[in-house]
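Remarks on the structure that follows.
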Amino acid sequence: MSRGFQLAERFSGVTTSPVRDILAVVNRGDVISFAGGIPDGSLFALDDFRAAFDHVLSTQGRRALQYASTQGEPELLEQVAARMARQLPTTPDQVQVTSGSQEGIFLVGQALLDPGDVVLVEQPTYLAAVQAFSLAGARLVAVASDDHGMLPDALNAAIAAHRPRFVYLIPTFQNPTGRSMPAARRREVADVLLRTGVPLLEDDPYGELRFEGEAAAPLAALPGMGAQTVLLNSASKVMAPGVRIGWLRAEGPILRAVEVAKQAVGLQSAVTDQLAVARYLATCDLDAHIARVVDVYRERRDAMASGLASRLPAGAEVTRPEGGMFLWARLGGGADTAVTLPAAVDAGVAYVPGWPFFAAEPDRSTMRLSYVTNAPDVIERGLDRLAGALGW
Ligand SMILES: Cc1ncc(COP(=O)(O)O)c(C=O)c1O
């Protein structure tokens with residue numbers, strides 16, 4: 001018998017990522033990072049959260065420090081159901097609290113996937129979702145997408161070919177591209193899903209960070225889709241990621257399966273954090289907070305979009321998202337953004353190479369750039385360094 005741990009088969013494809021090793025250095029003070037999807041901490045509603053935690057610990061301290069239900073604290077279930085009900089009818093019993101929407105992604109994978117099952121994803125898509133589904137043994141199949149998201153005909157064909165357990169979409173301000181699916185495309189995609197009966201996992205952590213343009217309703221809100229969709233939301237991008245509070249909305253038996261999976265993973269989300277977020281939602285004006293954050297992020301999006309437009313080499317393309325946190329650039333030609341990353345980091349700027357976001361056939365000339373963490377003048381300096389390092 002061999003000594004040491006033998007990892008489970010599902011970890012066989014998991015290697016340490018060179019990209020992660022390189023990006024580990026971005027906390028160096030001299031590196032301007034466009035890499036992480038990190039909200040600007042100076043914008044956190046720190047005083048409001050301090051008051052909320054104070055209130056929870058001084059009025060319900062023993063409850064806050066105790067074990068509790070897996071589904072979530074009633075106050076939080078009520079608050080988030082009311083917030084979701086702005087978009088589609090939602091009752092507290094249709095909500096499951098999660099430790100961030102990342103846990104929601106993982107739990108849905110556990111609830112629905114057997115080894116070998118197929119999940120259909122956008123091309124490109126959120127890499128930590130790919131990881132969560134892969135750990136459940138799933139095979140990820142990328143469906144052709146354009147500037148408006150997944151293509152309905154390609155989705156239809158992929159469903160016929162692969163009989164997926166579900167489709168995973170980030171329809172608004174997608175990670176990594178920043179693109180959004182317009183209302184008409186949402187209806188077309190929903191039509192395919194309703195006709196074929198394939199469920200949807202709709203991930204919406206960024207939807208409220210809108211700088212301009214018309215909001216489209218989540219696919220879950222389209223007629224018939226509520227029963228066929230798990231809709232994920234999170235406090236991370238609109239309040240603070242450190243509280244690790246997210247929530248999902250679903251209907252029917254999947255809720256119980258998700259609850260059992262969550263019980264197995266960690267029994268419950270932290271009660272202090274749940275009660276503090278519930279208190280914050282009950283007593284503070286989250287919409288006003290989001291409006292303040294959006295004003296700052298819009299300015300940064302503008303700085304990065306125009307700074308890139310004037311620096312990118314001929315033939316390169318870049319998205320101009322109406323909200324969220326990311327721009328997505330495609331350099332084209334023979335560029336490989338993973339190969340050029342060390343030079344960029346040496347020059348004092350970091351980005352995320354695009355290839356890990358592809359479930360298949362990566363376009364290695366792509367990169368994701370986050371504009372939210374740095375002020376416009378820092379963005380300018382970072383882009384100068386990037387242009388110098390990449391020879392633009
Ligand atoms: C598309 C998407 N889903 C989910 C998450 C996970 O966020 P959290 O677990 O903090 O809610 C992220 C974080 O970057 C994301 O981009």
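Ligands are numbered from 1 in the order shown, residues from 1 within each chain, and chains are lettered A, B, ... in the order they appear in the structure tokens.
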Shell of 7 Å around range 306-311 of chain A, only C-alpha atoms, local chain residues under 5 positions omitted, as a PyMOL selection string: chain A and resi 380+383+387+392
List as a Markdown table every residue of chain A that is in contact with ligand 1, defined as an atom at most 6 Å from one of its atoms (using only C-alpha atoms and all ligand atoms), together with the nearest atom pair and the distance in Å rounded to one decimal, sorted by chain and then rising number.
```
| residue | atom | partner | partner_atom_place_in_ligand_line | distance |
| --- | --- | --- | --- | --- |
| A:Gly37 | CA | ligand 1 | 14 (O) | 5.6 |
| A:Gly100 | CA | ligand 1 | 9 (O) | 3.4 |
| A:Ser101 | CA | ligand 1 | 11 (O) | 3.7 |
| A:Gln102 | CA | ligand 1 | 9 (O) | 3.7 |
| A:Tyr126 | CA | ligand 1 | 1 (C) | 5.4 |
| A:Asn175 | CA | ligand 1 | 16 (O) | 5.1 |
| A:Asp203 | CA | ligand 1 | 3 (N) | 5.8 |
| A:Pro205 | CA | ligand 1 | 3 (N) | 6.0 |
| A:Ser234 | CA | ligand 1 | 11 (O) | 4.5 |
| A:Ser236 | CA | ligand 1 | 10 (O) | 4.7 |
| A:Pro241 | CA | ligand 1 | 10 (O) | 5.1 |
| A:Gly246 | CA | ligand 1 | 11 (O) | 5.5 |
```
Put those residues in a file: N, CA and C atoms, as a compact mmCIF listing (two decimals), in the first residue's frame.
```
# COMPACT_ATOMS: atom_id res chain seq x y z
N GLY A 37 -11.90 40.18 -8.40
CA GLY A 37 -13.20 40.86 -8.37
C GLY A 37 -13.44 41.39 -6.96
N GLY A 100 -22.26 32.81 1.06
CA GLY A 100 -21.88 33.33 -0.25
C GLY A 100 -22.58 32.55 -1.35
N SER A 101 -22.69 33.16 -2.52
CA SER A 101 -23.35 32.42 -3.60
C SER A 101 -22.44 31.29 -4.11
N GLN A 102 -21.15 31.39 -3.81
CA GLN A 102 -20.26 30.27 -4.17
C GLN A 102 -20.74 28.97 -3.53
N TYR A 126 -17.76 31.66 -15.36
CA TYR A 126 -17.13 31.90 -14.06
C TYR A 126 -16.34 30.65 -13.64
N ASN A 175 -19.43 37.48 -15.25
CA ASN A 175 -18.03 37.24 -14.93
C ASN A 175 -17.57 36.10 -15.84
N ASP A 203 -27.19 32.75 -11.86
CA ASP A 203 -26.29 33.34 -10.87
C ASP A 203 -26.31 34.86 -11.08
N PRO A 205 -24.96 37.81 -8.97
CA PRO A 205 -24.38 38.60 -7.89
C PRO A 205 -24.16 40.07 -8.25
N SER A 234 -26.35 37.43 -3.69
CA SER A 234 -25.28 37.49 -2.70
C SER A 234 -25.15 38.89 -2.11
N SER A 236 -22.24 39.84 -1.31
CA SER A 236 -20.81 40.13 -1.51
C SER A 236 -20.54 41.40 -2.31
N PRO A 241 -18.25 41.20 0.94
CA PRO A 241 -18.03 39.75 0.77
C PRO A 241 -17.60 39.05 2.05
N GLY A 246 -25.01 34.73 1.28
CA GLY A 246 -25.71 34.70 0.01
C GLY A 246 -27.05 34.02 0.24
```
Selection near Val293 in chain A, 9 Å with only C-alpha atoms, sequence-local residues under 5 positions removed, as a PyMOL selection string: chain A and resi 40+43-44+209+238+288+298
Go ahead and dump the residues you just picked, C-alpha atoms, as a PDB file, in the first residue's frame.
```
ATOM      1  CA  ASP A  40     -13.415  48.671  -2.939  1.00  0.00           C
ATOM      2  CA  LEU A  43     -16.893  52.001   0.152  1.00  0.00           C
ATOM      3  CA  PHE A  44     -18.167  49.438   2.667  1.00  0.00           C
ATOM      4  CA  LEU A 209     -24.493  47.251  -9.856  1.00  0.00           C
ATOM      5  CA  VAL A 238     -23.499  45.052  -2.992  1.00  0.00           C
ATOM      6  CA  ALA A 288     -28.902  54.394  -1.459  1.00  0.00           C
ATOM      7  CA  ARG A 298     -19.117  53.980 -13.210  1.00  0.00           C
TER       8      ARG A 298
END
```
Nearest residue to Ala82 in chain A from the set A:Gln6, A:Gln94, A:Gln274, A:Ser370 (distances using only C-alpha atoms):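 The closest residue to Ala82 in chain A is A:Gln94.
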Polymer residues at most 12 Å from Gly348 in chain A, only C-alpha atoms, same-chain spacing of 3 or more positions, as number ranges by chain: A: 23, 25-34, 341-345, 351, 378-379, 381-389
Selected residue of minimal separation from Asp54 in chain A among A:Phe357, A:Gln110, A:Arg279, A:Arg187, counting only C-alpha atoms: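 Nearest to Asp54 in chain A: A:Arg279.
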Coordinates-based distance that separates CA of Val277 in chain A from CA of Leu57 in chain A (Å, one decimal): 12.8 Å
Return as a CSV table (one decimal) with N, CA and C atoms, in the first residue's frame the full set of residues in range 185-279 of chain A whose backbone-based DSSP assignment is alpha helix (DSSP H).
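Final output, part-v9.csv:
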```csv
chain,number,residue,atom,x,y,z
A,185,ARG,N,-33.3,38.1,-25.7
A,185,ARG,CA,-32.5,36.8,-25.7
A,185,ARG,C,-33.0,36.0,-24.5
A,186,ARG,N,-33.3,36.7,-23.3
A,186,ARG,CA,-33.7,35.9,-22.2
A,186,ARG,C,-35.0,35.1,-22.5
A,187,ARG,N,-35.9,35.7,-23.2
A,187,ARG,CA,-37.1,35.0,-23.5
A,187,ARG,C,-36.8,33.9,-24.4
A,188,GLU,N,-35.9,34.0,-25.4
A,188,GLU,CA,-35.6,32.9,-26.3
A,188,GLU,C,-35.0,31.8,-25.6
A,189,VAL,N,-34.0,32.1,-24.7
A,189,VAL,CA,-33.4,31.1,-23.9
A,189,VAL,C,-34.4,30.4,-23.0
A,190,ALA,N,-35.2,31.2,-22.4
A,190,ALA,CA,-36.2,30.6,-21.5
A,190,ALA,C,-37.2,29.6,-22.3
A,191,ASP,N,-37.5,30.0,-23.5
A,191,ASP,CA,-38.4,29.2,-24.4
A,191,ASP,C,-37.8,27.8,-24.6
A,192,VAL,N,-36.4,27.8,-24.9
A,192,VAL,CA,-35.8,26.6,-25.1
A,192,VAL,C,-35.8,25.7,-23.8
A,193,LEU,N,-35.5,26.4,-22.7
A,193,LEU,CA,-35.5,25.6,-21.4
A,193,LEU,C,-36.9,25.1,-21.1
A,194,LEU,N,-37.9,25.9,-21.3
A,194,LEU,CA,-39.3,25.5,-21.0
A,194,LEU,C,-39.7,24.3,-21.9
A,195,ARG,N,-39.3,24.4,-23.1
A,195,ARG,CA,-39.7,23.4,-24.1
A,195,ARG,C,-39.0,22.0,-23.8
A,196,THR,N,-37.8,22.1,-23.4
A,196,THR,CA,-37.0,20.9,-23.1
A,196,THR,C,-37.0,20.4,-21.7
A,254,ILE,N,-36.1,20.4,-4.7
A,254,ILE,CA,-34.7,20.7,-4.7
A,254,ILE,C,-34.3,21.5,-3.5
A,255,LEU,N,-35.2,22.3,-2.9
A,255,LEU,CA,-34.9,23.0,-1.7
A,255,LEU,C,-34.4,22.1,-0.5
A,256,ARG,N,-35.2,21.0,-0.4
A,256,ARG,CA,-34.8,20.1,0.7
A,256,ARG,C,-33.4,19.4,0.4
A,257,ALA,N,-33.2,19.1,-0.9
A,257,ALA,CA,-31.9,18.5,-1.2
A,257,ALA,C,-30.7,19.5,-0.9
A,258,VAL,N,-30.9,20.7,-1.3
A,258,VAL,CA,-29.9,21.7,-1.0
A,258,VAL,C,-29.7,21.9,0.5
A,259,GLU,N,-30.8,21.9,1.2
A,259,GLU,CA,-30.7,22.0,2.7
A,259,GLU,C,-29.9,20.9,3.3
A,260,VAL,N,-30.1,19.6,2.8
A,260,VAL,CA,-29.4,18.5,3.3
A,260,VAL,C,-27.9,18.6,2.9
A,261,ALA,N,-27.6,19.1,1.7
A,261,ALA,CA,-26.3,19.2,1.3
A,261,ALA,C,-25.6,20.3,2.2
A,262,LYS,N,-26.3,21.4,2.5
A,262,LYS,CA,-25.7,22.4,3.3
A,262,LYS,C,-25.4,21.9,4.7
A,263,GLN,N,-26.3,21.1,5.2
A,263,GLN,CA,-26.2,20.5,6.5
A,263,GLN,C,-24.9,19.7,6.6
A,264,ALA,N,-24.6,19.0,5.5
A,264,ALA,CA,-23.5,18.1,5.4
A,264,ALA,C,-22.2,19.0,5.3
A,265,VAL,N,-22.3,20.1,4.6
A,265,VAL,CA,-21.1,20.9,4.4
A,265,VAL,C,-20.7,21.7,5.7
A,266,GLY,N,-21.7,22.3,6.3
A,266,GLY,CA,-21.3,23.2,7.4
A,266,GLY,C,-22.5,23.5,8.4
A,271,VAL,N,-24.5,32.6,12.4
A,271,VAL,CA,-25.7,33.3,12.8
A,271,VAL,C,-25.5,34.8,13.0
A,272,THR,N,-24.3,35.1,13.6
A,272,THR,CA,-24.1,36.5,13.8
A,272,THR,C,-24.2,37.3,12.5
A,273,ASP,N,-23.5,36.7,11.5
A,273,ASP,CA,-23.5,37.4,10.2
A,273,ASP,C,-24.9,37.5,9.6
A,274,GLN,N,-25.7,36.4,9.7
A,274,GLN,CA,-27.0,36.4,9.2
A,274,GLN,C,-27.9,37.5,9.9
A,275,LEU,N,-27.8,37.5,11.2
A,275,LEU,CA,-28.6,38.5,11.9
A,275,LEU,C,-28.2,39.9,11.6
A,276,ALA,N,-26.8,40.1,11.5
A,276,ALA,CA,-26.4,41.5,11.2
A,276,ALA,C,-26.8,41.9,9.8
A,277,VAL,N,-26.7,41.0,8.8
A,277,VAL,CA,-27.2,41.4,7.5
A,277,VAL,C,-28.7,41.7,7.5
A,278,ALA,N,-29.4,40.9,8.3
A,278,ALA,CA,-30.9,41.1,8.4
A,278,ALA,C,-31.2,42.5,9.0
A,279,ARG,N,-30.4,42.8,10.0
A,279,ARG,CA,-30.6,44.1,10.7
A,279,ARG,C,-30.2,45.2,9.8
```
From A:Gln131, A:Ser42, A:Gln96, A:Thr177, residue lying nearest Ile245 in chain A [only C-alpha atoms]: A:Gln96
Gap from CA of Thr229 in chain A to CA of Val141 in chain A - Å, one decimal: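 Between these atoms lies a distance of 19.1 Å.
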Interatomic distance, CA of Ala305 in chain A to CA of Glu317 in chain A (Å, one decimal): 10.9 Å
